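Asks: Provided herewith: run_23.tsv, TSV, N, CA and C atoms.
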```
chain	number	residue	atom	x	y	z
V	273	MET	N	-30.18	32.08	-7.75
V	273	MET	CA	-29.62	30.86	-7.19
V	273	MET	C	-28.17	31.14	-6.77
V	274	SER	N	-27.84	30.82	-5.53
V	274	SER	CA	-26.50	31.09	-5.04
V	274	SER	C	-25.68	29.79	-4.99
V	275	PHE	N	-24.39	29.97	-5.03
V	275	PHE	CA	-23.46	28.84	-5.03
V	275	PHE	C	-23.29	28.29	-3.62
V	276	ASN	N	-23.21	26.97	-3.48
V	276	ASN	CA	-22.90	26.31	-2.23
V	276	ASN	C	-21.96	25.15	-2.50
V	277	TYR	N	-20.93	25.04	-1.67
V	277	TYR	CA	-20.04	23.88	-1.77
V	277	TYR	C	-20.75	22.65	-1.24
V	278	SER	N	-20.47	21.54	-1.84
V	278	SER	CA	-20.92	20.25	-1.33
V	278	SER	C	-19.68	19.44	-0.98
V	279	LYS	N	-19.89	18.38	-0.25
V	279	LYS	CA	-18.79	17.49	0.10
V	279	LYS	C	-18.13	16.95	-1.17
V	280	GLU	N	-18.93	16.61	-2.15
V	280	GLU	CA	-18.40	16.07	-3.41
V	280	GLU	C	-17.55	17.10	-4.16
V	281	THR	N	-17.99	18.34	-4.17
V	281	THR	CA	-17.23	19.40	-4.83
V	281	THR	C	-15.87	19.61	-4.16
V	282	LEU	N	-15.88	19.62	-2.83
V	282	LEU	CA	-14.62	19.78	-2.11
V	282	LEU	C	-13.69	18.60	-2.35
V	283	PHE	N	-14.23	17.39	-2.35
V	283	PHE	CA	-13.40	16.21	-2.62
V	283	PHE	C	-12.79	16.28	-4.02
V	284	ALA	N	-13.57	16.74	-4.98
V	284	ALA	CA	-13.07	16.85	-6.35
V	284	ALA	C	-11.96	17.90	-6.43
V	285	GLU	N	-12.15	19.05	-5.80
V	285	GLU	CA	-11.11	20.09	-5.78
V	285	GLU	C	-9.85	19.60	-5.07
V	286	PHE	N	-10.05	18.90	-3.96
V	286	PHE	CA	-8.91	18.37	-3.21
V	286	PHE	C	-8.14	17.36	-4.07
V	287	ASP	N	-8.86	16.54	-4.82
V	287	ASP	CA	-8.20	15.54	-5.67
V	287	ASP	C	-7.36	16.22	-6.75
V	288	VAL	N	-7.82	17.31	-7.29
V	288	VAL	CA	-7.03	18.06	-8.28
V	288	VAL	C	-5.72	18.53	-7.64
V	289	ALA	N	-5.81	19.08	-6.42
V	289	ALA	CA	-4.61	19.53	-5.71
V	289	ALA	C	-3.69	18.34	-5.43
V	290	LYS	N	-4.27	17.23	-5.03
V	290	LYS	CA	-3.47	16.02	-4.75
V	290	LYS	C	-2.74	15.54	-6.00
V	291	GLN	N	-3.43	15.51	-7.12
V	291	GLN	CA	-2.80	15.06	-8.37
V	291	GLN	C	-1.64	15.98	-8.76
V	292	LYS	N	-1.80	17.27	-8.53
V	292	LYS	CA	-0.71	18.22	-8.81
V	292	LYS	C	0.49	17.93	-7.92
V	293	ASP	N	0.23	17.63	-6.64
V	293	ASP	CA	1.32	17.29	-5.72
V	293	ASP	C	2.02	16.00	-6.14
V	294	ILE	N	1.26	15.02	-6.58
V	294	ILE	CA	1.84	13.75	-7.02
V	294	ILE	C	2.76	13.98	-8.21
V	295	LYS	N	2.36	14.85	-9.13
V	295	LYS	CA	3.20	15.15	-10.30
V	295	LYS	C	4.51	15.83	-9.90
V	296	LEU	N	4.52	16.53	-8.78
V	296	LEU	CA	5.74	17.20	-8.31
V	296	LEU	C	6.73	16.22	-7.69
V	297	SER	N	6.24	15.07	-7.26
V	297	SER	CA	7.09	14.10	-6.56
V	297	SER	C	7.99	13.33	-7.52
V	298	LYS	N	9.17	13.02	-7.05
V	298	LYS	CA	10.11	12.20	-7.81
V	298	LYS	C	10.20	10.79	-7.22
V	299	LYS	N	9.35	10.49	-6.26
V	299	LYS	CA	9.32	9.16	-5.64
V	299	LYS	C	8.80	8.13	-6.64
V	300	LYS	N	9.03	6.87	-6.35
V	300	LYS	CA	8.65	5.81	-7.30
V	300	LYS	C	7.28	5.21	-7.04
V	301	SER	N	6.99	4.82	-5.80
V	301	SER	CA	5.71	4.15	-5.53
V	301	SER	C	4.59	5.18	-5.41
V	302	GLN	N	3.38	4.75	-5.71
V	302	GLN	CA	2.22	5.64	-5.63
V	302	GLN	C	2.03	6.14	-4.20
V	303	PHE	N	2.18	5.24	-3.24
V	303	PHE	CA	2.04	5.63	-1.83
V	303	PHE	C	3.04	6.73	-1.48
V	304	ASP	N	4.30	6.53	-1.87
V	304	ASP	CA	5.33	7.53	-1.57
V	304	ASP	C	5.07	8.85	-2.28
V	305	LYS	N	4.59	8.78	-3.52
V	305	LYS	CA	4.26	10.00	-4.26
V	305	LYS	C	3.14	10.78	-3.57
V	306	GLU	N	2.14	10.06	-3.07
V	306	GLU	CA	1.01	10.71	-2.41
V	306	GLU	C	1.40	11.34	-1.08
V	307	ASN	N	2.50	10.87	-0.50
V	307	ASN	CA	2.91	11.33	0.82
V	307	ASN	C	4.26	12.04	0.79
V	308	ASP	N	4.57	12.68	-0.33
V	308	ASP	CA	5.84	13.35	-0.50
V	308	ASP	C	5.69	14.87	-0.52
V	309	LYS	N	4.92	15.38	-1.44
V	309	LYS	CA	4.72	16.83	-1.62
V	309	LYS	C	3.28	17.20	-1.25
V	310	PHE	N	3.13	18.36	-0.58
V	310	PHE	CA	1.81	18.77	-0.12
V	310	PHE	C	1.48	20.23	-0.45
V	311	ASP	N	2.31	20.87	-1.26
V	311	ASP	CA	2.16	22.30	-1.52
V	311	ASP	C	0.77	22.68	-2.02
V	312	ASN	N	0.25	21.94	-2.99
V	312	ASN	CA	-1.05	22.28	-3.56
V	312	ASN	C	-2.19	21.98	-2.60
V	313	ARG	N	-2.05	20.91	-1.82
V	313	ARG	CA	-3.08	20.60	-0.83
V	313	ARG	C	-3.09	21.64	0.28
V	314	ILE	N	-1.92	22.09	0.70
V	314	ILE	CA	-1.84	23.15	1.70
V	314	ILE	C	-2.48	24.43	1.17
V	315	GLN	N	-2.20	24.77	-0.07
V	315	GLN	CA	-2.80	25.96	-0.67
V	315	GLN	C	-4.31	25.82	-0.79
V	316	PHE	N	-4.79	24.62	-1.09
V	316	PHE	CA	-6.23	24.33	-1.14
V	316	PHE	C	-6.90	24.75	0.17
V	317	PHE	N	-6.30	24.34	1.30
V	317	PHE	CA	-6.89	24.68	2.60
V	317	PHE	C	-6.78	26.17	2.90
V	318	LYS	N	-5.65	26.78	2.57
V	318	LYS	CA	-5.50	28.22	2.78
V	318	LYS	C	-6.54	29.00	1.99
V	319	ASP	N	-6.75	28.59	0.74
V	319	ASP	CA	-7.75	29.27	-0.12
V	319	ASP	C	-9.15	29.15	0.46
V	320	HIS	N	-9.48	27.96	0.97
V	320	HIS	CA	-10.82	27.76	1.53
V	320	HIS	C	-11.00	28.47	2.87
V	321	ILE	N	-9.95	28.58	3.64
V	321	ILE	CA	-10.04	29.35	4.89
V	321	ILE	C	-10.37	30.80	4.57
V	322	LYS	N	-9.66	31.34	3.59
V	322	LYS	CA	-9.89	32.73	3.19
V	322	LYS	C	-11.30	32.91	2.61
V	323	LEU	N	-11.68	32.02	1.70
V	323	LEU	CA	-12.99	32.15	1.06
V	323	LEU	C	-14.13	31.97	2.07
V	324	LYS	N	-13.95	31.07	3.02
V	324	LYS	CA	-14.99	30.84	4.02
V	324	LYS	C	-15.20	32.08	4.89
V	325	LYS	N	-14.12	32.84	5.13
V	325	LYS	CA	-14.25	34.09	5.88
V	325	LYS	C	-14.97	35.15	5.05
V	326	GLU	N	-14.66	35.18	3.74
V	326	GLU	CA	-15.24	36.19	2.86
V	326	GLU	C	-16.67	35.84	2.43
V	327	LYS	N	-16.94	34.56	2.22
V	327	LYS	CA	-18.24	34.11	1.72
V	327	LYS	C	-18.73	32.89	2.51
V	328	PRO	N	-19.05	33.06	3.77
V	328	PRO	CA	-19.46	31.90	4.59
V	328	PRO	C	-20.69	31.17	4.04
V	329	GLN	N	-21.53	31.88	3.30
V	329	GLN	CA	-22.73	31.26	2.75
V	329	GLN	C	-22.39	30.12	1.77
V	330	TYR	N	-21.21	30.14	1.17
V	330	TYR	CA	-20.79	29.07	0.26
V	330	TYR	C	-20.65	27.74	0.99
V	331	TYR	N	-20.47	27.82	2.29
V	331	TYR	CA	-20.18	26.62	3.09
V	331	TYR	C	-21.33	26.26	4.03
V	332	SER	N	-22.49	26.81	3.78
V	332	SER	CA	-23.62	26.62	4.70
V	332	SER	C	-24.11	25.17	4.77
V	333	ASN	N	-23.84	24.38	3.75
V	333	ASN	CA	-24.32	23.00	3.72
V	333	ASN	C	-23.31	21.98	4.22
V	334	ILE	N	-22.14	22.43	4.59
V	334	ILE	CA	-21.10	21.51	5.04
V	334	ILE	C	-20.43	22.03	6.31
V	335	ASP	N	-19.84	21.13	7.05
V	335	ASP	CA	-19.14	21.49	8.28
V	335	ASP	C	-17.72	20.95	8.17
V	336	VAL	N	-16.79	21.80	7.75
V	336	VAL	CA	-15.41	21.41	7.56
V	336	VAL	C	-14.52	22.39	8.32
V	337	ASN	N	-13.61	21.85	9.12
V	337	ASN	CA	-12.67	22.69	9.85
V	337	ASN	C	-11.38	22.78	9.03
V	338	PHE	N	-11.34	23.74	8.13
V	338	PHE	CA	-10.18	23.90	7.25
V	338	PHE	C	-8.91	24.23	8.03
V	339	GLU	N	-9.05	24.95	9.15
V	339	GLU	CA	-7.88	25.30	9.95
V	339	GLU	C	-7.20	24.05	10.49
V	340	LYS	N	-7.99	23.12	11.01
V	340	LYS	CA	-7.42	21.87	11.55
V	340	LYS	C	-6.79	21.04	10.43
V	341	LEU	N	-7.44	21.02	9.28
V	341	LEU	CA	-6.88	20.27	8.15
V	341	LEU	C	-5.59	20.91	7.66
V	342	LEU	N	-5.56	22.23	7.64
V	342	LEU	CA	-4.32	22.93	7.27
V	342	LEU	C	-3.20	22.59	8.25
V	343	GLU	N	-3.52	22.57	9.52
V	343	GLU	CA	-2.53	22.21	10.54
V	343	GLU	C	-1.98	20.81	10.28
V	344	ALA	N	-2.86	19.87	9.98
V	344	ALA	CA	-2.44	18.49	9.73
V	344	ALA	C	-1.57	18.39	8.48
V	345	TRP	N	-2.02	18.98	7.39
V	345	TRP	CA	-1.29	18.89	6.12
V	345	TRP	C	0.00	19.71	6.14
V	346	SER	N	0.12	20.66	7.05
V	346	SER	CA	1.34	21.45	7.17
V	346	SER	C	2.36	20.81	8.11
V	347	SER	N	1.97	19.76	8.78
V	347	SER	CA	2.89	19.09	9.71
V	347	SER	C	3.99	18.37	8.95
V	348	ALA	N	5.02	17.96	9.66
V	348	ALA	CA	6.16	17.27	9.03
V	348	ALA	C	5.71	15.99	8.32
V	349	SER	N	4.74	15.29	8.89
V	349	SER	CA	4.22	14.06	8.30
V	349	SER	C	2.71	14.03	8.48
V	350	PRO	N	1.97	14.51	7.48
V	350	PRO	CA	0.51	14.53	7.61
V	350	PRO	C	-0.10	13.16	7.94
V	351	ILE	N	0.43	12.10	7.34
V	351	ILE	CA	-0.14	10.77	7.62
V	351	ILE	C	0.04	10.41	9.09
V	352	ASP	N	1.21	10.73	9.66
V	352	ASP	CA	1.42	10.48	11.08
V	352	ASP	C	0.52	11.37	11.94
V	353	HIS	N	0.33	12.59	11.51
V	353	HIS	CA	-0.55	13.51	12.25
V	353	HIS	C	-1.96	12.94	12.34
V	354	PHE	N	-2.49	12.46	11.21
V	354	PHE	CA	-3.84	11.89	11.20
V	354	PHE	C	-3.90	10.62	12.05
V	355	TYR	N	-2.95	9.72	11.89
V	355	TYR	CA	-2.95	8.48	12.67
V	355	TYR	C	-2.78	8.78	14.16
V	356	GLN	N	-1.96	9.76	14.50
V	356	GLN	CA	-1.77	10.13	15.91
V	356	GLN	C	-3.08	10.65	16.50
V	357	SER	N	-3.81	11.45	15.74
V	357	SER	CA	-5.05	12.03	16.27
V	357	SER	C	-6.17	10.99	16.38
V	358	VAL	N	-6.16	9.98	15.52
V	358	VAL	CA	-7.22	8.96	15.54
V	358	VAL	C	-6.85	7.77	16.42
V	359	PHE	N	-5.63	7.24	16.24
V	359	PHE	CA	-5.24	6.01	16.91
V	359	PHE	C	-4.25	6.22	18.06
V	360	GLY	N	-3.72	7.44	18.20
V	360	GLY	CA	-2.76	7.70	19.25
V	360	GLY	C	-1.39	7.12	18.96
V	361	MET	N	-1.10	6.86	17.69
V	361	MET	CA	0.20	6.32	17.30
V	361	MET	C	0.50	6.69	15.86
V	362	SER	N	1.76	6.54	15.47
V	362	SER	CA	2.16	6.88	14.11
V	362	SER	C	1.61	5.86	13.11
V	363	TYR	N	1.69	6.20	11.85
V	363	TYR	CA	1.27	5.28	10.79
V	363	TYR	C	2.06	3.98	10.86
V	364	ALA	N	3.38	4.07	11.02
V	364	ALA	CA	4.23	2.87	11.07
V	364	ALA	C	3.86	1.98	12.25
V	365	GLU	N	3.60	2.61	13.41
V	365	GLU	CA	3.20	1.82	14.58
V	365	GLU	C	1.88	1.11	14.34
V	366	LYS	N	0.91	1.80	13.76
V	366	LYS	CA	-0.40	1.20	13.50
V	366	LYS	C	-0.28	0.06	12.48
V	367	MET	N	0.53	0.25	11.45
V	367	MET	CA	0.71	-0.81	10.44
V	367	MET	C	1.37	-2.04	11.05
V	368	ARG	N	2.33	-1.82	11.94
V	368	ARG	CA	3.01	-2.96	12.60
V	368	ARG	C	2.03	-3.73	13.47
V	369	ILE	N	1.20	-3.03	14.22
V	369	ILE	CA	0.19	-3.69	15.05
V	369	ILE	C	-0.79	-4.46	14.17
V	370	SER	N	-1.20	-3.87	13.06
V	370	SER	CA	-2.12	-4.55	12.13
V	370	SER	C	-1.48	-5.82	11.57
V	371	GLU	N	-0.19	-5.75	11.25
V	371	GLU	CA	0.52	-6.93	10.74
V	371	GLU	C	0.57	-8.03	11.79
V	372	LEU	N	0.84	-7.65	13.04
V	372	LEU	CA	0.89	-8.63	14.13
V	372	LEU	C	-0.48	-9.27	14.36
V	373	GLU	N	-1.53	-8.45	14.32
V	373	GLU	CA	-2.89	-8.98	14.50
V	373	GLU	C	-3.25	-9.94	13.38
V	374	LEU	N	-2.87	-9.62	12.16
V	374	LEU	CA	-3.13	-10.50	11.02
V	374	LEU	C	-2.37	-11.81	11.16
V	375	ALA	N	-1.12	-11.73	11.59
V	375	ALA	CA	-0.31	-12.94	11.79
V	375	ALA	C	-0.93	-13.82	12.89
V	376	GLU	N	-1.44	-13.20	13.95
V	376	GLU	CA	-2.08	-13.95	15.03
V	376	GLU	C	-3.33	-14.67	14.53
V	377	LYS	N	-4.14	-13.98	13.72
V	377	LYS	CA	-5.36	-14.59	13.17
V	377	LYS	C	-5.02	-15.77	12.27
V	378	LYS	N	-3.98	-15.59	11.44
V	378	LYS	CA	-3.56	-16.69	10.57
V	378	LYS	C	-3.07	-17.87	11.39
V	379	ALA	N	-2.32	-17.59	12.47
V	379	ALA	CA	-1.81	-18.65	13.33
V	379	ALA	C	-2.95	-19.39	14.01
V	380	GLU	N	-3.97	-18.65	14.45
V	380	GLU	CA	-5.13	-19.26	15.09
V	380	GLU	C	-5.87	-20.20	14.13
V	381	ARG	N	-5.87	-19.87	12.86
V	381	ARG	CA	-6.55	-20.67	11.86
V	381	ARG	C	-5.62	-21.75	11.28
V	382	GLY	N	-4.36	-21.75	11.73
V	382	GLY	CA	-3.41	-22.73	11.25
V	382	GLY	C	-2.91	-22.44	9.86
V	383	LEU	N	-2.93	-21.17	9.46
V	383	LEU	CA	-2.51	-20.81	8.11
V	383	LEU	C	-1.04	-20.41	8.07
V	384	GLY	N	-0.44	-20.14	9.20
V	384	GLY	CA	0.94	-19.70	9.20
V	384	GLY	C	1.09	-18.36	8.51
V	385	GLU	N	2.32	-18.00	8.22
V	385	GLU	CA	2.54	-16.71	7.54
V	385	GLU	C	2.83	-16.86	6.13
```
Starting from the file, lay out its structure as structure tokens.
Replies:
Amino acid sequence: MSFNYSKETLFAEFDVAKQKDIKLSKKKSQFDKENDKFDNRIQFFKDHIKLKKEKPQYYSNIDVNFEKLLEAWSSASPIDHFYQSVFGMSYAEKMRISELELAEKKAERGLGE
């Protein structure tokens, strides 16, 4: 029986790396801690890029582009990188638009802010 990564296994490993990064942060809020340090998450992707080259059979059941994820997590602001690639705008811009849309819906229903 040979080893194969599953989506769940990768998520669990990534969460371990994320928790290590959170412990490194000196920020106060959970959101800020999660978006402050990325060293362990970056290493997670580097390790999987290397292992996938050495043992591609481990990844035969999943389709993950570790190189693209490494690029995103190595950027100045990973959250902005992801939002830019999905929504074409930064996280702050998307949150502001969401707030405006919510305010409009409340106004339409007569709920105010």
Asks: Just want the 8 Å neighbourhood of Asn307 in chain V, counted on all atoms listed in the file, with same-chain residues fewer than 6 positions away dropped. Output as a list in words.
Replies: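 So the residues in contact are Asp293, Ile294, Ser301, Ser349, Pro350 and Ile351 of chain V.
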Asks: Would you put the residues from that selection into a file with N, CA and C atoms, as a PDB file, in the frame of the given file?
Replies:
```pdb
ATOM      1  N   ASP V 293       0.230  17.630  -6.640  1.00  0.00           N
ATOM      2  CA  ASP V 293       1.320  17.290  -5.720  1.00  0.00           C
ATOM      3  C   ASP V 293       2.020  16.000  -6.140  1.00  0.00           C
ATOM      4  N   ILE V 294       1.260  15.020  -6.580  1.00  0.00           N
ATOM      5  CA  ILE V 294       1.840  13.750  -7.020  1.00  0.00           C
ATOM      6  C   ILE V 294       2.760  13.980  -8.210  1.00  0.00           C
ATOM      7  N   SER V 301       6.990   4.820  -5.800  1.00  0.00           N
ATOM      8  CA  SER V 301       5.710   4.150  -5.530  1.00  0.00           C
ATOM      9  C   SER V 301       4.590   5.180  -5.410  1.00  0.00           C
ATOM     10  N   SER V 349       4.740  15.290   8.890  1.00  0.00           N
ATOM     11  CA  SER V 349       4.220  14.060   8.300  1.00  0.00           C
ATOM     12  C   SER V 349       2.710  14.030   8.480  1.00  0.00           C
ATOM     13  N   PRO V 350       1.970  14.510   7.480  1.00  0.00           N
ATOM     14  CA  PRO V 350       0.510  14.530   7.610  1.00  0.00           C
ATOM     15  C   PRO V 350      -0.100  13.160   7.940  1.00  0.00           C
ATOM     16  N   ILE V 351       0.430  12.100   7.340  1.00  0.00           N
ATOM     17  CA  ILE V 351      -0.140  10.770   7.620  1.00  0.00           C
ATOM     18  C   ILE V 351       0.040  10.410   9.090  1.00  0.00           C
TER      19      ILE V 351
END
```
Asks: Env of range 283-287 of chain V: 7 Å cut, atoms = all atoms listed in the file, seq-sep filter 4 positions within chain, self excluded. Answer as a list of chain:residue names.
Replies: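 With the cut-off at 7 Å, the set is V:Ser278, V:Lys279, V:Gln291, V:Lys292, V:Arg313, V:Phe316.
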Asks: Print the selection's residues with N, CA and C atoms to a file, as a compact mmCIF listing (two decimals), in the frame of the given file.
Replies:
```
# COMPACT_ATOMS: atom_id res chain seq x y z
N SER V 278 -20.47 21.54 -1.84
CA SER V 278 -20.92 20.25 -1.33
C SER V 278 -19.68 19.44 -0.98
N LYS V 279 -19.89 18.38 -0.25
CA LYS V 279 -18.79 17.49 0.10
C LYS V 279 -18.13 16.95 -1.17
N GLN V 291 -3.43 15.51 -7.12
CA GLN V 291 -2.80 15.06 -8.37
C GLN V 291 -1.64 15.98 -8.76
N LYS V 292 -1.80 17.27 -8.53
CA LYS V 292 -0.71 18.22 -8.81
C LYS V 292 0.49 17.93 -7.92
N ARG V 313 -2.05 20.91 -1.82
CA ARG V 313 -3.08 20.60 -0.83
C ARG V 313 -3.09 21.64 0.28
N PHE V 316 -4.79 24.62 -1.09
CA PHE V 316 -6.23 24.33 -1.14
C PHE V 316 -6.90 24.75 0.17
```
Asks: Tell me which of V:Ser332, V:Lys299, V:Lys322, V:Val358 sits closest to Phe275 in chain V, counting all atoms listed in the file.
Replies: V:Ser332
Asks: Can you tell me how far CA of Lys300 in chain V sits from CA of Val288 in chain V, in Å to one decimal?
Replies: 19.9 Å
Asks: V:Asp308, V:Glu371, V:Glu339, V:Glu280: which is nearest Leu296 in chain V, counting only C-alpha atoms?
Replies: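 The shortest atom-to-atom distance to Leu296 in chain V comes from V:Asp308.
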Asks: Report, in Å to a single decimal, how far apart atom C of Asp352 in chain V and CA of Ser370 in chain V are.
Replies: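 Value for the CA of Ser370 in chain V-atom C of Asp352 in chain V distance: 16.1 Å.
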Asks: Quick one: 5 Å padding each side, axis-aligned, all listed atoms of range 299-308 of chain V - centre and edge lengths in Å to one decimal, as JSON?
Replies:
```
{"center_x": 5.2, "center_y": 9.5, "center_z": -3.2, "size_x": 18.3, "size_y": 20.7, "size_z": 18.1}
```
Asks: Could you work out how far atom N of Tyr277 in chain V lies from atom N of Asp311 in chain V, giving the answer in Å with one decimal?
Replies: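 Taking atom N of Asp311 in chain V as the start and atom N of Tyr277 in chain V as the end point, the length is 23.6 Å.
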